[in-house]
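File shown here: target-v6.txt, holding compact mmCIF, C-alpha atoms and all ligand atoms.
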# COMPACT_ATOMS: atom_id res chain seq x y z
CA MET A 1 26.28 8.50 3.60
CA ASP A 2 26.05 12.19 4.52
CA ALA A 3 25.32 13.35 0.96
CA ILE A 4 22.73 10.61 0.59
CA ARG A 5 21.11 11.52 3.88
CA CYS A 6 20.92 15.14 2.79
CA LEU A 7 19.34 14.24 -0.52
CA LEU A 8 16.78 11.95 1.09
CA ALA A 9 15.94 14.62 3.66
CA GLU A 10 15.33 17.15 0.90
CA ASN A 11 13.19 14.75 -1.12
CA LEU A 12 11.20 13.85 1.95
CA ALA A 13 10.65 17.49 2.88
CA ARG A 14 9.36 18.24 -0.61
CA VAL A 15 7.06 15.22 -0.58
CA GLU A 16 5.82 16.16 2.87
CA GLU A 17 4.93 19.65 1.63
CA ARG A 18 3.01 18.18 -1.28
CA ILE A 19 1.14 15.77 1.01
CA ALA A 20 0.24 18.61 3.37
CA ALA A 21 -0.97 20.79 0.50
CA ALA A 22 -3.13 17.98 -0.92
CA CYS A 23 -4.63 17.35 2.53
CA GLN A 24 -5.40 21.02 2.86
CA ARG A 25 -7.08 21.19 -0.56
CA ALA A 26 -9.21 18.20 0.40
CA GLY A 27 -10.08 19.60 3.84
CA ARG A 28 -8.39 16.62 5.49
CA SER A 29 -6.07 16.53 8.44
CA ARG A 30 -2.47 15.60 7.69
CA ASP A 31 -2.61 12.64 10.04
CA SER A 32 -5.49 11.05 8.12
CA VAL A 33 -2.99 9.79 5.54
CA THR A 34 0.13 7.72 6.20
CA LEU A 35 3.13 7.54 3.92
CA VAL A 36 4.46 4.05 3.26
CA ALA A 37 7.97 4.31 1.83
CA VAL A 38 8.42 1.63 -0.82
CA THR A 39 12.01 0.44 -0.58
CA LYS A 40 11.98 -2.24 -3.28
CA THR A 41 14.50 -0.40 -5.48
CA VAL A 42 16.97 0.54 -2.74
CA SER A 43 19.40 -1.15 -0.37
CA VAL A 44 18.83 -1.84 3.30
CA GLU A 45 21.24 1.00 4.07
CA ILE A 46 19.15 3.53 2.15
CA ALA A 47 15.95 2.18 3.66
CA ASN A 48 17.49 2.64 7.07
CA GLU A 49 18.31 6.27 6.28
CA LEU A 50 14.60 6.87 5.76
CA VAL A 51 13.95 5.42 9.18
CA LEU A 52 16.56 7.75 10.67
CA LEU A 53 14.67 10.61 9.00
CA GLY A 54 11.57 9.59 10.90
CA LEU A 55 9.61 7.31 8.57
CA ARG A 56 7.84 4.55 10.45
CA ASP A 57 6.17 2.58 7.64
CA LEU A 58 8.14 0.73 4.96
CA GLY A 59 6.79 -1.38 2.12
CA GLU A 60 8.08 -4.11 -0.16
CA ASN A 61 6.35 -5.88 -3.01
CA ARG A 62 8.18 -9.21 -2.71
CA PRO A 63 7.87 -11.36 0.41
CA GLN A 64 11.48 -12.58 0.36
CA GLU A 65 12.83 -9.05 0.12
CA LEU A 66 10.54 -7.95 2.94
CA TRP A 67 11.82 -10.80 5.12
CA ARG A 68 15.41 -9.80 4.39
CA LYS A 69 15.03 -6.09 5.06
CA ARG A 70 12.83 -6.57 8.07
CA GLU A 71 15.44 -8.70 9.76
CA LEU A 72 17.84 -5.76 9.56
CA ILE A 73 15.22 -3.05 10.25
CA PRO A 74 12.80 -4.65 12.70
CA GLU A 75 11.70 -1.49 14.49
CA VAL A 76 9.29 -0.13 11.87
CA ARG A 77 5.95 -1.31 10.54
CA TRP A 78 6.35 -3.39 7.37
CA HIS A 79 3.76 -3.50 4.61
CA LEU A 80 3.55 -6.14 1.90
CA ILE A 81 2.22 -4.42 -1.23
CA GLY A 82 2.72 -7.17 -3.83
CA HIS A 83 1.50 -10.66 -4.53
CA LEU A 84 1.71 -13.19 -1.71
CA GLN A 85 2.02 -16.86 -2.65
CA ARG A 86 0.10 -19.12 -0.30
CA ASN A 87 3.22 -21.07 0.65
CA LYS A 88 4.69 -17.84 2.08
CA ILE A 89 1.75 -16.97 4.34
CA GLU A 90 3.13 -18.55 7.47
CA ARG A 91 6.47 -16.77 7.32
CA THR A 92 5.10 -13.40 6.18
CA VAL A 93 2.07 -12.77 8.38
CA PRO A 94 3.93 -12.42 11.70
CA MET A 95 6.28 -9.86 10.15
CA VAL A 96 3.84 -7.38 8.67
CA HIS A 97 1.59 -4.60 9.87
CA ARG A 98 -0.60 -4.83 6.76
CA ILE A 99 -0.82 -6.89 3.60
CA HIS A 100 -2.29 -4.51 1.01
CA SER A 101 -2.50 -6.92 -1.87
CA ILE A 102 -4.98 -9.75 -1.30
CA ASP A 103 -5.83 -10.47 -4.90
CA SER A 104 -7.86 -13.69 -4.99
CA PHE A 105 -10.54 -15.59 -3.10
CA ARG A 106 -8.12 -18.48 -2.72
CA LEU A 107 -5.57 -16.32 -0.93
CA LEU A 108 -8.26 -14.69 1.22
CA LYS A 109 -9.48 -18.09 2.35
CA ALA A 110 -5.98 -19.45 3.00
CA LEU A 111 -5.09 -16.41 5.12
CA ASP A 112 -8.29 -16.71 7.11
CA GLN A 113 -7.49 -20.34 7.84
CA TYR A 114 -3.95 -19.49 8.88
CA GLY A 115 -4.88 -17.05 11.63
CA PRO A 116 -5.32 -13.40 12.57
CA ALA A 117 -3.85 -10.81 10.22
CA THR A 118 -4.82 -7.37 8.96
CA VAL A 119 -5.16 -7.01 5.23
CA LEU A 120 -6.60 -4.99 2.36
CA LEU A 121 -8.16 -6.30 -0.83
CA GLU A 122 -6.59 -5.27 -4.12
CA PHE A 123 -9.01 -4.23 -6.84
CA ASN A 124 -8.21 -3.68 -10.48
CA CYS A 125 -10.04 -0.39 -11.02
CA SER A 126 -8.17 0.70 -14.12
CA ASP A 127 -9.36 -2.11 -16.44
CA GLU A 128 -5.82 -3.06 -17.38
CA PRO A 129 -5.79 -6.78 -18.17
CA THR A 130 -2.19 -7.17 -16.95
CA LYS A 131 -3.05 -5.99 -13.43
CA GLY A 132 -4.02 -8.38 -10.69
CA GLY A 133 -6.72 -8.05 -8.10
CA PHE A 134 -10.45 -8.46 -7.80
CA SER A 135 -12.64 -7.03 -10.51
CA PRO A 136 -15.21 -4.42 -9.44
CA SER A 137 -17.79 -6.73 -11.01
CA GLU A 138 -17.00 -9.29 -8.28
CA VAL A 139 -18.10 -7.01 -5.46
CA ASP A 140 -21.08 -9.18 -4.46
CA GLN A 141 -18.91 -12.29 -4.11
CA VAL A 142 -16.36 -10.24 -2.18
CA ILE A 143 -19.02 -9.11 0.30
CA GLU A 144 -20.13 -12.70 0.72
CA ALA A 145 -16.55 -13.86 1.31
CA LEU A 146 -15.95 -11.10 3.86
CA SER A 147 -19.03 -12.01 5.86
CA GLY A 148 -17.72 -15.57 6.18
CA LEU A 149 -14.30 -14.66 7.59
CA ARG A 150 -13.36 -16.12 10.94
CA GLN A 151 -9.92 -14.84 11.86
CA LEU A 152 -8.79 -12.37 9.21
CA ARG A 153 -9.46 -8.66 9.58
CA VAL A 154 -9.97 -6.77 6.32
CA THR A 155 -9.61 -3.04 6.87
CA GLY A 156 -9.78 -1.59 3.37
CA LEU A 157 -9.10 -1.69 -0.34
CA MET A 158 -6.03 -1.07 -2.47
CA THR A 159 -5.56 -0.20 -6.11
CA MET A 160 -2.85 0.84 -8.57
CA ALA A 161 -3.73 3.43 -11.17
CA ALA A 162 -2.37 3.26 -14.70
CA LEU A 163 0.76 5.28 -15.35
CA GLU A 164 -0.54 8.51 -16.90
CA ALA A 165 1.38 11.57 -18.06
CA ASP A 166 -1.39 13.64 -16.49
CA PRO A 167 -2.18 12.31 -12.98
CA GLU A 168 -5.60 13.94 -13.21
CA ARG A 169 -6.50 11.02 -15.45
CA CYS A 170 -6.02 8.66 -12.46
CA ARG A 171 -8.84 10.34 -10.57
CA PRO A 172 -11.62 8.07 -11.93
CA THR A 173 -9.67 5.00 -10.80
CA PHE A 174 -9.41 6.35 -7.25
CA GLN A 175 -13.05 7.43 -7.22
CA ARG A 176 -14.01 3.95 -8.31
CA LEU A 177 -12.09 2.37 -5.43
CA ARG A 178 -13.68 4.77 -2.95
CA ARG A 179 -17.17 3.93 -4.20
CA LEU A 180 -16.40 0.21 -3.91
CA ARG A 181 -15.20 0.79 -0.35
CA ASP A 182 -18.41 2.64 0.50
CA GLN A 183 -20.52 -0.06 -1.12
CA ILE A 184 -18.81 -2.87 0.80
CA HIS A 185 -18.79 -0.80 3.98
CA ALA A 186 -22.58 -1.03 4.15
CA ALA A 187 -22.19 -4.79 4.74
CA TYR A 188 -18.69 -5.12 6.23
CA PRO A 189 -16.91 -2.19 7.88
CA LEU A 190 -13.96 -0.92 5.84
CA GLN A 191 -12.13 2.33 6.46
CA GLU A 192 -8.84 2.26 4.60
CA LEU A 193 -7.93 3.17 1.03
CA SER A 194 -4.40 2.33 -0.10
CA MET A 195 -3.96 4.32 -3.29
CA GLY A 196 -1.52 6.80 -4.74
CA MET A 197 2.07 6.31 -5.90
CA SER A 198 4.81 8.75 -6.87
CA ASN A 199 3.03 9.76 -10.05
CA ASP A 200 -0.44 10.36 -8.65
CA PHE A 201 -0.44 10.60 -4.84
CA GLU A 202 -1.87 14.10 -4.60
CA VAL A 203 -4.94 13.14 -6.61
CA ALA A 204 -5.27 9.99 -4.48
CA ILE A 205 -5.20 12.06 -1.28
CA GLU A 206 -7.88 14.36 -2.69
CA GLU A 207 -9.98 11.24 -3.32
CA GLY A 208 -9.58 9.87 0.20
CA ALA A 209 -6.39 7.78 0.34
CA THR A 210 -5.44 6.76 3.88
CA TRP A 211 -2.21 5.00 2.83
CA ILE A 212 -0.04 6.32 0.00
CA ARG A 213 2.78 4.10 -1.27
CA LEU A 214 5.73 6.12 -2.51
CA GLY A 215 8.98 4.87 -3.98
CA SER A 216 10.70 6.75 -6.78
CA VAL A 217 9.76 10.27 -5.65
CA LEU A 218 11.68 9.66 -2.41
CA PHE A 219 14.80 8.49 -4.23
CA GLU A 220 15.07 11.11 -6.96
CA GLY A 221 18.66 12.13 -7.62
CA LEU A 222 20.09 9.05 -5.98
CA SER A 223 22.55 7.20 -8.16
CA ARG A 224 21.65 3.56 -7.98
C1 LIG B 301 6.62 -0.02 -6.57
C2 LIG B 301 5.28 0.15 -6.02
C3 LIG B 301 4.87 1.39 -5.49
C4 LIG B 301 5.74 2.64 -5.53
O1 LIG B 301 5.83 3.09 -6.84
P1 LIG B 301 6.53 4.50 -7.21
O2 LIG B 301 5.93 4.84 -8.52
O3 LIG B 301 7.99 4.23 -7.27
O4 LIG B 301 6.16 5.46 -6.15
C5 LIG B 301 3.60 1.48 -4.97
N1 LIG B 301 2.77 0.41 -4.93
C6 LIG B 301 3.12 -0.79 -5.43
C7 LIG B 301 2.16 -1.92 -5.36
C8 LIG B 301 4.39 -0.96 -5.98
O5 LIG B 301 4.73 -2.15 -6.48
Can you dump the structure from the file as structure tokens?
Ligand SMILES: *Cc1c(COP(=O)(O)O)cnc(C)c1O
Amino acid sequence: MDAIRCLLAENLARVEERIAAACQRAGRSRDSVTLVAVTKTVSVEIANELVLLGLRDLGENRPQELWRKRELIPEVRWHLIGHLQRNKIERTVPMVHRIHSIDSFRLLKALDQYGPATVLLEFNCSDEPTKGGFSPSEVDQVIEALSGLRQLRVTGLMTMAALEADPERCRPTFQRLRRLRDQIHAAYPLQELSMGMSNDFEVAIEEGATWIRLGSVLFEGLSR
């Protein structure tokens, strides 16, 4: 485990430098953006090494895998960043700090009926038909749905950019999400932007990300 710990520490230090530099370029404070380490491709043991290195936010895209890892690593804040089926609401909500990926009106309504939780709405801002989430054209219905919520707290928006060789090309996607956030904010207060992955997180920070979700960049060099 020592070699692995060393490698993860180096990766994390490099990522941390890049986050700090992006914050500086954008005139933002480092603590205005939080790194969520996405552990979906690694074992519980590796995920735990990240915790030993000081990370406090871990993310998974599948509910069952989140349940499993959280049982073994209960002391951090867990984030669900992938699709949640309605029959898994009851088990998942008490375990998570945030659900980033509310992708339909049906799910929004079911969560609100279940009880208090803190969530973000996923928007498809890159016009890729294979991606889930609300369409920016649905923003009026989204505002209407938000104003009818009883128990659920929606704190922001999430998006995934297309995989681009040049991350600069992801900038319009992130700008689009920020404008949607600002537009909704006029009617329903939203602060958070969950955007930026290994390929594009610096651009996302420059465009206002408050949560970045990083997987592969943290695990570079690890034989898996
Ligand atoms: C896997 C995943 C990530 C992390 O992706 P990397 O490119 O490995 O950093 C971020 N967000 C979501 C929703 C994911 O599924």
(message) Neighbours of ligand LIG 301 (chain B) at 6 Å or closer, counting only C-alpha atoms and all ligand atoms: which residues, as number ranges by chain?
(response) A: 38, 61, 81-82, 197-199, 213-216
Within 12 Å of Cys6 in chain A, counting only C-alpha atoms, which residues show up once you throw out same-chain ones fewer than 2 positions away? Write them as a CSV table (one decimal) with C-alpha atoms, in the frame of the given file, please.
chain,number,residue,atom,x,y,z
A,1,MET,CA,26.3,8.5,3.6
A,2,ASP,CA,26.0,12.2,4.5
A,3,ALA,CA,25.3,13.4,1.0
A,4,ILE,CA,22.7,10.6,0.6
A,8,LEU,CA,16.8,12.0,1.1
A,9,ALA,CA,15.9,14.6,3.7
A,10,GLU,CA,15.3,17.2,0.9
A,11,ASN,CA,13.2,14.8,-1.1
A,12,LEU,CA,11.2,13.8,2.0
A,13,ALA,CA,10.6,17.5,2.9
A,46,ILE,CA,19.2,3.5,2.2
A,49,GLU,CA,18.3,6.3,6.3
A,50,LEU,CA,14.6,6.9,5.8
A,52,LEU,CA,16.6,7.8,10.7
A,53,LEU,CA,14.7,10.6,9.0
A,218,LEU,CA,11.7,9.7,-2.4
A,219,PHE,CA,14.8,8.5,-4.2
A,221,GLY,CA,18.7,12.1,-7.6
A,222,LEU,CA,20.1,9.0,-6.0
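Nearest-residue note for Leu149 in chain A: choosing from A:Arg5, A:Lys109, A:Arg28, A:Lys40, the minimum distance belongs to A:Lys109, counting only C-alpha atoms.
Across the structure, CA of Gly196 in chain A and CA of Cys170 in chain A are spaced 9.1 Å apart.
Distances here use all atoms listed in the file; by that measure, the residue among A:Gln24, A:Ser194, A:Gln85, A:Thr118 closest to Gln151 in chain A is A:Thr118.
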(request) Find the residues around Ala145 in chain A up to 12 Å (only C-alpha atoms counted), leave out those fewer than 6 positions away in its own chain, and share them as JSON, numbers by chain. (result) {"A": [104, 105, 106, 107, 108, 109, 112, 121, 138, 139, 152, 154, 184, 187, 188]}
(request) With all atoms listed in the file counted, which protein, DNA or RNA residues have an atom no more than 12 Å from (13.0, -5.9, 12.1) in the file frame? Please answer as JSON, numbers by chain. (result) {"A": [44, 48, 51, 56, 57, 58, 66, 67, 68, 69, 70, 71, 72, 73, 74, 75, 76, 77, 78, 94, 95, 96, 97]}
Close residues, Met195 in chain A itself excluded, 7 Å, only C-alpha atoms, min 3 positions apart in chain, as a PDB file with C-alpha atoms, in the frame of the given file:
ATOM      1  CA  MET A 158      -6.030  -1.070  -2.470  1.00  0.00           C
ATOM      2  CA  THR A 159      -5.560  -0.200  -6.110  1.00  0.00           C
ATOM      3  CA  MET A 160      -2.850   0.840  -8.570  1.00  0.00           C
ATOM      4  CA  ALA A 204      -5.270   9.990  -4.480  1.00  0.00           C
ATOM      5  CA  ALA A 209      -6.390   7.780   0.340  1.00  0.00           C
ATOM      6  CA  TRP A 211      -2.210   5.000   2.830  1.00  0.00           C
ATOM      7  CA  ILE A 212      -0.040   6.320   0.000  1.00  0.00           C
TER       8      ILE A 212
END
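If all atoms listed in the file are the atoms counted, then among A:Gln113, A:Phe201, A:Arg62, A:Arg14 the closest residue to Gly148 in chain A is A:Gln113.
Environment of (-14.0, 11.6, -1.2): residues at most 10 Å away, judged by all atoms listed in the file, are Ala26, Phe174, Gln175, Arg178, Arg179, Ala204, Ile205, Glu206, Glu207, Gly208 and Ala209 of chain A.
Comparing the minimum interatomic distances between Asp127 in chain A and each of A:Ala110, A:Val93, A:Val203, A:Ala161, counting all atoms listed in the file, we find that A:Ala161 sits nearest.
Across the model, the gap from CA of Ile19 in chain A to CA of Leu35 in chain A is 9.0 Å.
Between Leu180 in chain A and the residues A:Asp166, A:Glu60, A:Glu128, A:Asp140, the shortest atom-to-atom distance, using all atoms listed in the file, involves A:Asp140.
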Output as an mmCIF file, in the frame of the given file: range 68-85 of chain A, completed with N, CA and C atoms.
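Once written, result.cif looks like this:
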data_model
loop_
_atom_site.group_PDB
_atom_site.id
_atom_site.type_symbol
_atom_site.label_atom_id
_atom_site.label_comp_id
_atom_site.auth_asym_id
_atom_site.auth_seq_id
_atom_site.Cartn_x
_atom_site.Cartn_y
_atom_site.Cartn_z
ATOM 1 N N ARG A 68 13.991 -10.150 4.281
ATOM 2 C CA ARG A 68 15.410 -9.800 4.390
ATOM 3 C C ARG A 68 15.580 -8.421 5.026
ATOM 4 N N LYS A 69 14.848 -7.448 4.534
ATOM 5 C CA LYS A 69 15.030 -6.090 5.060
ATOM 6 C C LYS A 69 14.489 -5.972 6.482
ATOM 7 N N ARG A 70 13.418 -6.690 6.738
ATOM 8 C CA ARG A 70 12.830 -6.570 8.070
ATOM 9 C C ARG A 70 13.752 -7.122 9.167
ATOM 10 N N GLU A 71 14.506 -8.139 8.793
ATOM 11 C CA GLU A 71 15.440 -8.700 9.760
ATOM 12 C C GLU A 71 16.450 -7.643 10.206
ATOM 13 N N LEU A 72 16.828 -6.777 9.268
ATOM 14 C CA LEU A 72 17.840 -5.760 9.560
ATOM 15 C C LEU A 72 17.216 -4.464 10.079
ATOM 16 N N ILE A 73 15.934 -4.240 9.768
ATOM 17 C CA ILE A 73 15.220 -3.050 10.250
ATOM 18 C C ILE A 73 13.911 -3.501 10.893
ATOM 19 N N PRO A 74 14.007 -4.058 12.097
ATOM 20 C CA PRO A 74 12.800 -4.650 12.700
ATOM 21 C C PRO A 74 11.901 -3.640 13.414
ATOM 22 N N GLU A 75 12.399 -2.406 13.581
ATOM 23 C CA GLU A 75 11.700 -1.490 14.490
ATOM 24 C C GLU A 75 10.585 -0.685 13.838
ATOM 25 N N VAL A 76 10.361 -0.879 12.537
ATOM 26 C CA VAL A 76 9.290 -0.130 11.870
ATOM 27 C C VAL A 76 8.148 -1.088 11.494
ATOM 28 N N ARG A 77 7.076 -0.493 10.990
ATOM 29 C CA ARG A 77 5.950 -1.310 10.540
ATOM 30 C C ARG A 77 6.165 -1.655 9.064
ATOM 31 N N TRP A 78 6.133 -2.931 8.742
ATOM 32 C CA TRP A 78 6.350 -3.390 7.370
ATOM 33 C C TRP A 78 5.030 -3.688 6.691
ATOM 34 N N HIS A 79 4.967 -3.308 5.412
ATOM 35 C CA HIS A 79 3.760 -3.500 4.610
ATOM 36 C C HIS A 79 4.109 -4.332 3.389
ATOM 37 N N LEU A 80 3.385 -5.418 3.157
ATOM 38 C CA LEU A 80 3.550 -6.140 1.900
ATOM 39 C C LEU A 80 2.553 -5.560 0.903
ATOM 40 N N ILE A 81 3.085 -5.096 -0.247
ATOM 41 C CA ILE A 81 2.220 -4.420 -1.230
ATOM 42 C C ILE A 81 2.155 -5.166 -2.553
ATOM 43 N N GLY A 82 2.740 -6.376 -2.602
ATOM 44 C CA GLY A 82 2.720 -7.170 -3.830
ATOM 45 C C GLY A 82 2.165 -8.556 -3.567
ATOM 46 N N HIS A 83 2.146 -9.345 -4.601
ATOM 47 C CA HIS A 83 1.500 -10.660 -4.530
ATOM 48 C C HIS A 83 2.122 -11.559 -3.456
ATOM 49 N N LEU A 84 1.264 -12.226 -2.712
ATOM 50 C CA LEU A 84 1.710 -13.190 -1.710
ATOM 51 C C LEU A 84 1.299 -14.593 -2.162
ATOM 52 N N GLN A 85 2.309 -15.466 -2.316
ATOM 53 C CA GLN A 85 2.020 -16.860 -2.650
ATOM 54 C C GLN A 85 1.573 -17.555 -1.367
#
